[in-house]
$ cat my_file.pdb   # PDB, N, CA and C atoms
MODEL        1
ATOM      1  N   MET A   1       0.839  -1.194   0.000
ATOM      2  CA  MET A   1       0.000   0.000   0.000
ATOM      3  C   MET A   1       0.882   1.254   0.000
ATOM      4  N   LYS A   2       1.979   1.211   0.731
ATOM      5  CA  LYS A   2       2.874   2.357   0.776
ATOM      6  C   LYS A   2       3.438   2.661  -0.616
ATOM      7  N   ASN A   3       3.731   1.600  -1.387
ATOM      8  CA  ASN A   3       4.248   1.790  -2.739
ATOM      9  C   ASN A   3       3.221   2.456  -3.640
ATOM     10  N   LYS A   4       1.949   2.065  -3.511
ATOM     11  CA  LYS A   4       0.905   2.689  -4.327
ATOM     12  C   LYS A   4       0.760   4.154  -3.980
ATOM     13  N   THR A   5       0.868   4.483  -2.706
ATOM     14  CA  THR A   5       0.807   5.883  -2.299
ATOM     15  C   THR A   5       1.926   6.661  -2.958
ATOM     16  N   LEU A   6       3.107   6.133  -2.878
ATOM     17  CA  LEU A   6       4.263   6.801  -3.464
ATOM     18  C   LEU A   6       4.127   6.921  -4.975
ATOM     19  N   ILE A   7       3.648   5.875  -5.631
ATOM     20  CA  ILE A   7       3.475   5.894  -7.083
ATOM     21  C   ILE A   7       2.478   6.979  -7.487
ATOM     22  N   GLY A   8       1.353   7.066  -6.790
ATOM     23  CA  GLY A   8       0.363   8.089  -7.115
ATOM     24  C   GLY A   8       0.895   9.489  -6.922
ATOM     25  N   VAL A   9       1.602   9.700  -5.835
ATOM     26  CA  VAL A   9       2.175  11.020  -5.556
ATOM     27  C   VAL A   9       3.230  11.365  -6.607
ATOM     28  N   VAL A  10       4.058  10.390  -6.960
ATOM     29  CA  VAL A  10       5.077  10.630  -7.980
ATOM     30  C   VAL A  10       4.424  10.958  -9.308
ATOM     31  N   GLY A  11       3.369  10.247  -9.659
ATOM     32  CA  GLY A  11       2.677  10.516 -10.923
ATOM     33  C   GLY A  11       2.157  11.933 -11.000
ATOM     34  N   ILE A  12       1.528  12.403  -9.946
ATOM     35  CA  ILE A  12       1.022  13.769  -9.931
ATOM     36  C   ILE A  12       2.176  14.755  -9.886
ATOM     37  N   SER A  13       3.214  14.452  -9.112
ATOM     38  CA  SER A  13       4.375  15.342  -9.029
ATOM     39  C   SER A  13       5.015  15.552 -10.381
ATOM     40  N   VAL A  14       5.192  14.469 -11.120
ATOM     41  CA  VAL A  14       5.827  14.574 -12.437
ATOM     42  C   VAL A  14       5.024  15.495 -13.331
ATOM     43  N   LEU A  15       3.716  15.342 -13.325
ATOM     44  CA  LEU A  15       2.902  16.193 -14.181
ATOM     45  C   LEU A  15       2.899  17.644 -13.709
ATOM     46  N   ILE A  16       2.905  17.862 -12.413
ATOM     47  CA  ILE A  16       2.967  19.236 -11.913
ATOM     48  C   ILE A  16       4.295  19.858 -12.301
ATOM     49  N   LEU A  17       5.372  19.137 -12.110
ATOM     50  CA  LEU A  17       6.682  19.694 -12.414
ATOM     51  C   LEU A  17       6.905  19.860 -13.909
ATOM     52  N   ASN A  18       6.213  19.068 -14.728
ATOM     53  CA  ASN A  18       6.314  19.219 -16.174
ATOM     54  C   ASN A  18       5.368  20.294 -16.696
ATOM     55  N   GLY A  19       4.461  20.740 -15.878
ATOM     56  CA  GLY A  19       3.594  21.853 -16.234
ATOM     57  C   GLY A  19       2.577  21.568 -17.313
ATOM     58  N   CYS A  20       1.748  20.527 -17.146
ATOM     59  CA  CYS A  20       0.666  20.301 -18.095
ATOM     60  C   CYS A  20      -0.202  21.544 -18.102
ATOM     61  N   SER A  21      -0.286  22.203 -19.243
ATOM     62  CA  SER A  21      -0.883  23.532 -19.254
ATOM     63  C   SER A  21      -2.396  23.553 -19.209
ATOM     64  N   SER A  22      -3.093  23.529 -20.319
ATOM     65  CA  SER A  22      -4.513  23.848 -20.364
ATOM     66  C   SER A  22      -5.398  22.891 -19.567
ATOM     67  N   GLU A  23      -5.059  21.663 -19.495
ATOM     68  CA  GLU A  23      -5.871  20.706 -18.746
ATOM     69  C   GLU A  23      -5.052  20.141 -17.585
ATOM     70  N   PHE A  24      -4.526  21.023 -16.807
ATOM     71  CA  PHE A  24      -3.610  20.691 -15.717
ATOM     72  C   PHE A  24      -4.184  19.674 -14.735
ATOM     73  N   GLU A  25      -5.347  19.960 -14.207
ATOM     74  CA  GLU A  25      -5.945  19.060 -13.219
ATOM     75  C   GLU A  25      -6.226  17.697 -13.838
ATOM     76  N   LYS A  26      -6.846  17.701 -14.997
ATOM     77  CA  LYS A  26      -7.174  16.454 -15.687
ATOM     78  C   LYS A  26      -5.897  15.657 -15.987
ATOM     79  N   GLY A  27      -4.870  16.349 -16.435
ATOM     80  CA  GLY A  27      -3.605  15.701 -16.742
ATOM     81  C   GLY A  27      -2.934  15.146 -15.500
ATOM     82  N   GLY A  28      -3.001  15.890 -14.404
ATOM     83  CA  GLY A  28      -2.408  15.429 -13.154
ATOM     84  C   GLY A  28      -3.076  14.168 -12.650
ATOM     85  N   LYS A  29      -4.393  14.154 -12.697
ATOM     86  CA  LYS A  29      -5.129  12.980 -12.246
ATOM     87  C   LYS A  29      -4.876  11.804 -13.183
ATOM     88  N   HIS A  30      -4.848  12.057 -14.471
ATOM     89  CA  HIS A  30      -4.606  10.981 -15.441
ATOM     90  C   HIS A  30      -3.224  10.358 -15.219
ATOM     91  N   GLY A  31      -2.229  11.180 -14.945
ATOM     92  CA  GLY A  31      -0.893  10.666 -14.652
ATOM     93  C   GLY A  31      -0.882   9.786 -13.417
ATOM     94  N   CYS A  32      -1.641  10.185 -12.418
ATOM     95  CA  CYS A  32      -1.764   9.392 -11.197
ATOM     96  C   CYS A  32      -2.425   8.051 -11.505
ATOM     97  N   TYR A  33      -3.502   8.055 -12.317
ATOM     98  CA  TYR A  33      -4.170   6.803 -12.698
ATOM     99  C   TYR A  33      -3.177   5.889 -13.415
ATOM    100  N   ASN A  34      -2.401   6.464 -14.312
ATOM    101  CA  ASN A  34      -1.442   5.669 -15.082
ATOM    102  C   ASN A  34      -0.368   5.045 -14.198
ATOM    103  N   MET A  35      -0.118   5.654 -13.059
ATOM    104  CA  MET A  35       0.881   5.127 -12.131
ATOM    105  C   MET A  35       0.269   4.133 -11.137
ATOM    106  N   GLY A  36      -1.027   3.835 -11.289
ATOM    107  CA  GLY A  36      -1.658   2.815 -10.465
ATOM    108  C   GLY A  36      -2.625   3.310  -9.413
ATOM    109  N   GLY A  37      -2.844   4.610  -9.331
ATOM    110  CA  GLY A  37      -3.783   5.139  -8.352
ATOM    111  C   GLY A  37      -5.218   4.986  -8.826
ATOM    112  N   SER A  38      -6.144   4.812  -7.893
ATOM    113  CA  SER A  38      -7.565   4.754  -8.251
ATOM    114  C   SER A  38      -8.055   6.175  -8.532
ATOM    115  N   ARG A  39      -9.179   6.281  -9.196
ATOM    116  CA  ARG A  39      -9.732   7.613  -9.499
ATOM    117  C   ARG A  39     -10.011   8.391  -8.212
ATOM    118  N   SER A  40     -10.580   7.715  -7.225
ATOM    119  CA  SER A  40     -10.902   8.427  -5.984
ATOM    120  C   SER A  40      -9.633   8.859  -5.256
ATOM    121  N   TYR A  41      -8.603   8.019  -5.269
ATOM    122  CA  TYR A  41      -7.331   8.382  -4.635
ATOM    123  C   TYR A  41      -6.698   9.582  -5.335
ATOM    124  N   CYS A  42      -6.602   9.531  -6.652
ATOM    125  CA  CYS A  42      -5.953  10.599  -7.411
ATOM    126  C   CYS A  42      -6.700  11.922  -7.260
ATOM    127  N   SER A  43      -8.026  11.857  -7.287
ATOM    128  CA  SER A  43      -8.824  13.068  -7.088
ATOM    129  C   SER A  43      -8.616  13.615  -5.679
ATOM    130  N   CYS A  44      -8.559  12.732  -4.713
ATOM    131  CA  CYS A  44      -8.352  13.136  -3.323
ATOM    132  C   CYS A  44      -7.009  13.851  -3.169
ATOM    133  N   VAL A  45      -5.948  13.262  -3.719
ATOM    134  CA  VAL A  45      -4.619  13.870  -3.603
ATOM    135  C   VAL A  45      -4.609  15.241  -4.256
ATOM    136  N   TYR A  46      -5.108  15.327  -5.476
ATOM    137  CA  TYR A  46      -5.120  16.615  -6.173
ATOM    138  C   TYR A  46      -5.923  17.644  -5.372
ATOM    139  N   ASP A  47      -7.089  17.245  -4.900
ATOM    140  CA  ASP A  47      -7.945  18.173  -4.148
ATOM    141  C   ASP A  47      -7.265  18.663  -2.872
ATOM    142  N   LYS A  48      -6.556  17.785  -2.188
ATOM    143  CA  LYS A  48      -5.873  18.193  -0.957
ATOM    144  C   LYS A  48      -4.708  19.142  -1.248
ATOM    145  N   VAL A  49      -3.984  18.876  -2.328
ATOM    146  CA  VAL A  49      -2.891  19.782  -2.713
ATOM    147  C   VAL A  49      -3.474  21.148  -3.073
ATOM    148  N   GLU A  50      -4.557  21.152  -3.835
ATOM    149  CA  GLU A  50      -5.199  22.411  -4.209
ATOM    150  C   GLU A  50      -5.760  23.129  -2.976
ATOM    151  N   GLU A  51      -6.319  22.362  -2.051
ATOM    152  CA  GLU A  51      -6.845  22.948  -0.814
ATOM    153  C   GLU A  51      -5.716  23.618  -0.019
ATOM    154  N   HIS A  52      -4.555  22.983   0.001
ATOM    155  CA  HIS A  52      -3.410  23.523   0.737
ATOM    156  C   HIS A  52      -2.912  24.828   0.114
ATOM    157  N   TYR A  53      -2.739  24.832  -1.193
ATOM    158  CA  TYR A  53      -2.143  25.985  -1.871
ATOM    159  C   TYR A  53      -3.150  27.014  -2.368
ATOM    160  N   GLY A  54      -4.356  26.588  -2.676
ATOM    161  CA  GLY A  54      -5.349  27.492  -3.235
ATOM    162  C   GLY A  54      -5.238  27.541  -4.758
ATOM    163  N   LYS A  55      -6.296  28.001  -5.384
ATOM    164  CA  LYS A  55      -6.364  28.013  -6.844
ATOM    165  C   LYS A  55      -5.330  28.951  -7.473
ATOM    166  N   THR A  56      -5.040  30.063  -6.832
ATOM    167  CA  THR A  56      -4.076  31.014  -7.390
ATOM    168  C   THR A  56      -2.690  30.398  -7.490
ATOM    169  N   VAL A  57      -2.243  29.772  -6.419
ATOM    170  CA  VAL A  57      -0.915  29.138  -6.432
ATOM    171  C   VAL A  57      -0.914  27.955  -7.390
ATOM    172  N   MET A  58      -2.007  27.200  -7.455
ATOM    173  CA  MET A  58      -2.070  26.078  -8.394
ATOM    174  C   MET A  58      -1.923  26.573  -9.834
ATOM    175  N   ARG A  59      -2.500  27.708 -10.141
ATOM    176  CA  ARG A  59      -2.334  28.282 -11.496
ATOM    177  C   ARG A  59      -0.878  28.677 -11.721
ATOM    178  N   GLN A  60      -0.216  29.195 -10.693
ATOM    179  CA  GLN A  60       1.206  29.547 -10.817
ATOM    180  C   GLN A  60       2.050  28.296 -11.020
ATOM    181  N   ILE A  61       1.726  27.230 -10.318
ATOM    182  CA  ILE A  61       2.434  25.960 -10.493
ATOM    183  C   ILE A  61       2.212  25.458 -11.916
ATOM    184  N   GLU A  62       0.989  25.542 -12.382
ATOM    185  CA  GLU A  62       0.648  25.111 -13.743
ATOM    186  C   GLU A  62       1.484  25.849 -14.786
ATOM    187  N   ARG A  63       1.652  27.128 -14.592
ATOM    188  CA  ARG A  63       2.421  27.945 -15.543
ATOM    189  C   ARG A  63       3.921  27.881 -15.285
ATOM    190  N   MET A  64       4.300  27.142 -14.245
ATOM    191  CA  MET A  64       5.710  27.015 -13.862
ATOM    192  C   MET A  64       6.315  28.363 -13.460
ATOM    193  N   SER A  65       5.460  29.301 -13.051
ATOM    194  CA  SER A  65       5.963  30.594 -12.597
ATOM    195  C   SER A  65       6.307  30.563 -11.106
ATOM    196  N   TYR A  66       5.859  29.516 -10.430
ATOM    197  CA  TYR A  66       6.157  29.377  -9.002
ATOM    198  C   TYR A  66       6.047  27.904  -8.618
ATOM    199  N   LEU A  67       7.080  27.376  -7.992
ATOM    200  CA  LEU A  67       7.043  26.024  -7.434
ATOM    201  C   LEU A  67       7.384  26.121  -5.952
ATOM    202  N   PRO A  68       6.416  25.858  -5.090
ATOM    203  CA  PRO A  68       6.655  25.948  -3.649
ATOM    204  C   PRO A  68       7.763  24.987  -3.207
ATOM    205  N   ASN A  69       8.564  25.421  -2.264
ATOM    206  CA  ASN A  69       9.649  24.589  -1.738
ATOM    207  C   ASN A  69       9.142  23.324  -1.063
ATOM    208  N   ASP A  70       7.927  23.376  -0.542
ATOM    209  CA  ASP A  70       7.387  22.232   0.194
ATOM    210  C   ASP A  70       6.431  21.378  -0.641
ATOM    211  N   LEU A  71       6.440  21.547  -1.949
ATOM    212  CA  LEU A  71       5.509  20.828  -2.818
ATOM    213  C   LEU A  71       5.611  19.319  -2.642
ATOM    214  N   ASP A  72       6.805  18.782  -2.606
ATOM    215  CA  ASP A  72       6.954  17.334  -2.453
ATOM    216  C   ASP A  72       6.407  16.855  -1.114
ATOM    217  N   ARG A  73       6.650  17.606  -0.053
ATOM    218  CA  ARG A  73       6.135  17.237   1.271
ATOM    219  C   ARG A  73       4.614  17.289   1.295
ATOM    220  N   VAL A  74       4.044  18.353   0.731
ATOM    221  CA  VAL A  74       2.586  18.513   0.710
ATOM    222  C   VAL A  74       1.943  17.391  -0.101
ATOM    223  N   MET A  75       2.554  17.042  -1.225
ATOM    224  CA  MET A  75       1.997  15.976  -2.052
ATOM    225  C   MET A  75       2.093  14.628  -1.336
ATOM    226  N   TYR A  76       3.200  14.379  -0.675
ATOM    227  CA  TYR A  76       3.352  13.126   0.065
ATOM    228  C   TYR A  76       2.318  13.043   1.193
ATOM    229  N   GLN A  77       2.176  14.117   1.957
ATOM    230  CA  GLN A  77       1.205  14.130   3.049
ATOM    231  C   GLN A  77      -0.217  13.962   2.520
ATOM    232  N   SER A  78      -0.495  14.593   1.387
ATOM    233  CA  SER A  78      -1.822  14.443   0.783
ATOM    234  C   SER A  78      -2.056  12.991   0.402
ATOM    235  N   GLY A  79      -1.032  12.361  -0.167
ATOM    236  CA  GLY A  79      -1.150  10.945  -0.515
ATOM    237  C   GLY A  79      -1.393  10.077   0.697
ATOM    238  N   GLN A  80      -0.739  10.388   1.795
ATOM    239  CA  GLN A  80      -0.936   9.637   3.041
ATOM    240  C   GLN A  80      -2.361   9.819   3.559
ATOM    241  N   GLN A  81      -2.895  11.026   3.433
ATOM    242  CA  GLN A  81      -4.242  11.304   3.907
ATOM    243  C   GLN A  81      -5.307  10.629   3.039
ATOM    244  N   CYS A  82      -4.958  10.314   1.794
ATOM    245  CA  CYS A  82      -5.902   9.729   0.850
ATOM    246  C   CYS A  82      -5.720   8.227   0.661
ATOM    247  N   VAL A  83      -4.765   7.636   1.355
ATOM    248  CA  VAL A  83      -4.400   6.236   1.132
ATOM    249  C   VAL A  83      -5.599   5.290   1.291
ATOM    250  N   HIS A  84      -6.556   5.662   2.099
ATOM    251  CA  HIS A  84      -7.739   4.816   2.303
ATOM    252  C   HIS A  84      -8.593   4.708   1.039
ATOM    253  N   LYS A  85      -8.324   5.543   0.045
ATOM    254  CA  LYS A  85      -9.103   5.532  -1.200
ATOM    255  C   LYS A  85      -8.441   4.715  -2.304
ATOM    256  N   LEU A  86      -7.318   4.075  -1.997
ATOM    257  CA  LEU A  86      -6.635   3.285  -3.034
ATOM    258  C   LEU A  86      -7.433   2.082  -3.454
TER     259      LEU A  86
ENDMDL
END

$ encode --input "my_file.pdb" --output "structure tokens"
Amino acid sequence: MKNKTLIGVVGISVLILNGCSSEFEKGGKHGCYNMGGSRSYCSCVYDKVEEHYGKTVMRQIERMSYLPNDLDRVMYQSGQQCVHKL
């Protein structure tokens, strides 16, 4: 289960760091699904990351104009909080 959590978080992280532009959220969740996360898990992780940073910062992350220093920690913690949805 720990590996699936890590895989889902890595999948979303890769897409965030690569800056999927126009369909950022959809692309982030799709990347998580491709890495083995369930739809509910991937949606949960994305929603928690967005809840933490807010829509404005998420748009900055999408445009690669700002990457928070704690992004990896926040994504990992979000994955841990959503692990029950795997």

$ resolve_selection --input "my_file.pdb" --expression "the PyMOL selection byres (((chain A and resi 29-31 and name CA) around 8) and name CA)" --output "list in words"
Gly11, Ile12, Leu15, Glu25, Lys26, Gly27, Gly28, Cys32, Tyr33, Asn34, Met35, Arg39, Cys42, Ser43 and Tyr46 of chain A

$ closest_residue --input "my_file.pdb" --among "A:Val83, A:Phe24, A:Asp70, A:Ser40" --to "Tyr53 in chain A" --atoms "only C-alpha atoms"
A:Asp70

$ atom_distance --input "my_file.pdb" --atom1 "CA of Leu86 in chain A" --atom2 "CA of Ser38 in chain A"
5.5 Å

$ resolve_selection --input "my_file.pdb" --expression "the PyMOL selection byres ((chain A and resi 49) around 8)" --output "list in words"
Ser43, Cys44, Val45, Tyr46, Asp47, Lys48, Glu50, Glu51, His52, Tyr53, Gly54, Lys55, Met58, Val74, Met75, Gln77, Ser78 and Gly79 of chain A

$ atom_distance --input "my_file.pdb" --atom1 "CA of Glu62 in chain A" --atom2 "atom N of Tyr76 in chain A"
17.1 Å

$ atom_distance --input "my_file.pdb" --atom1 "CA of Arg63 in chain A" --atom2 "CA of Lys85 in chain A"
29.0 Å

$ axis_aligned_box --input "my_file.pdb" --around "range 23-35 of chain A" --padding-each-side "8 Å" --output "lines of an AutoDock Vina configuration file"
center_x = -3.1
center_y = 12.9
center_z = -15.3
size_x = 24.1
size_y = 33.5
size_z = 24.4
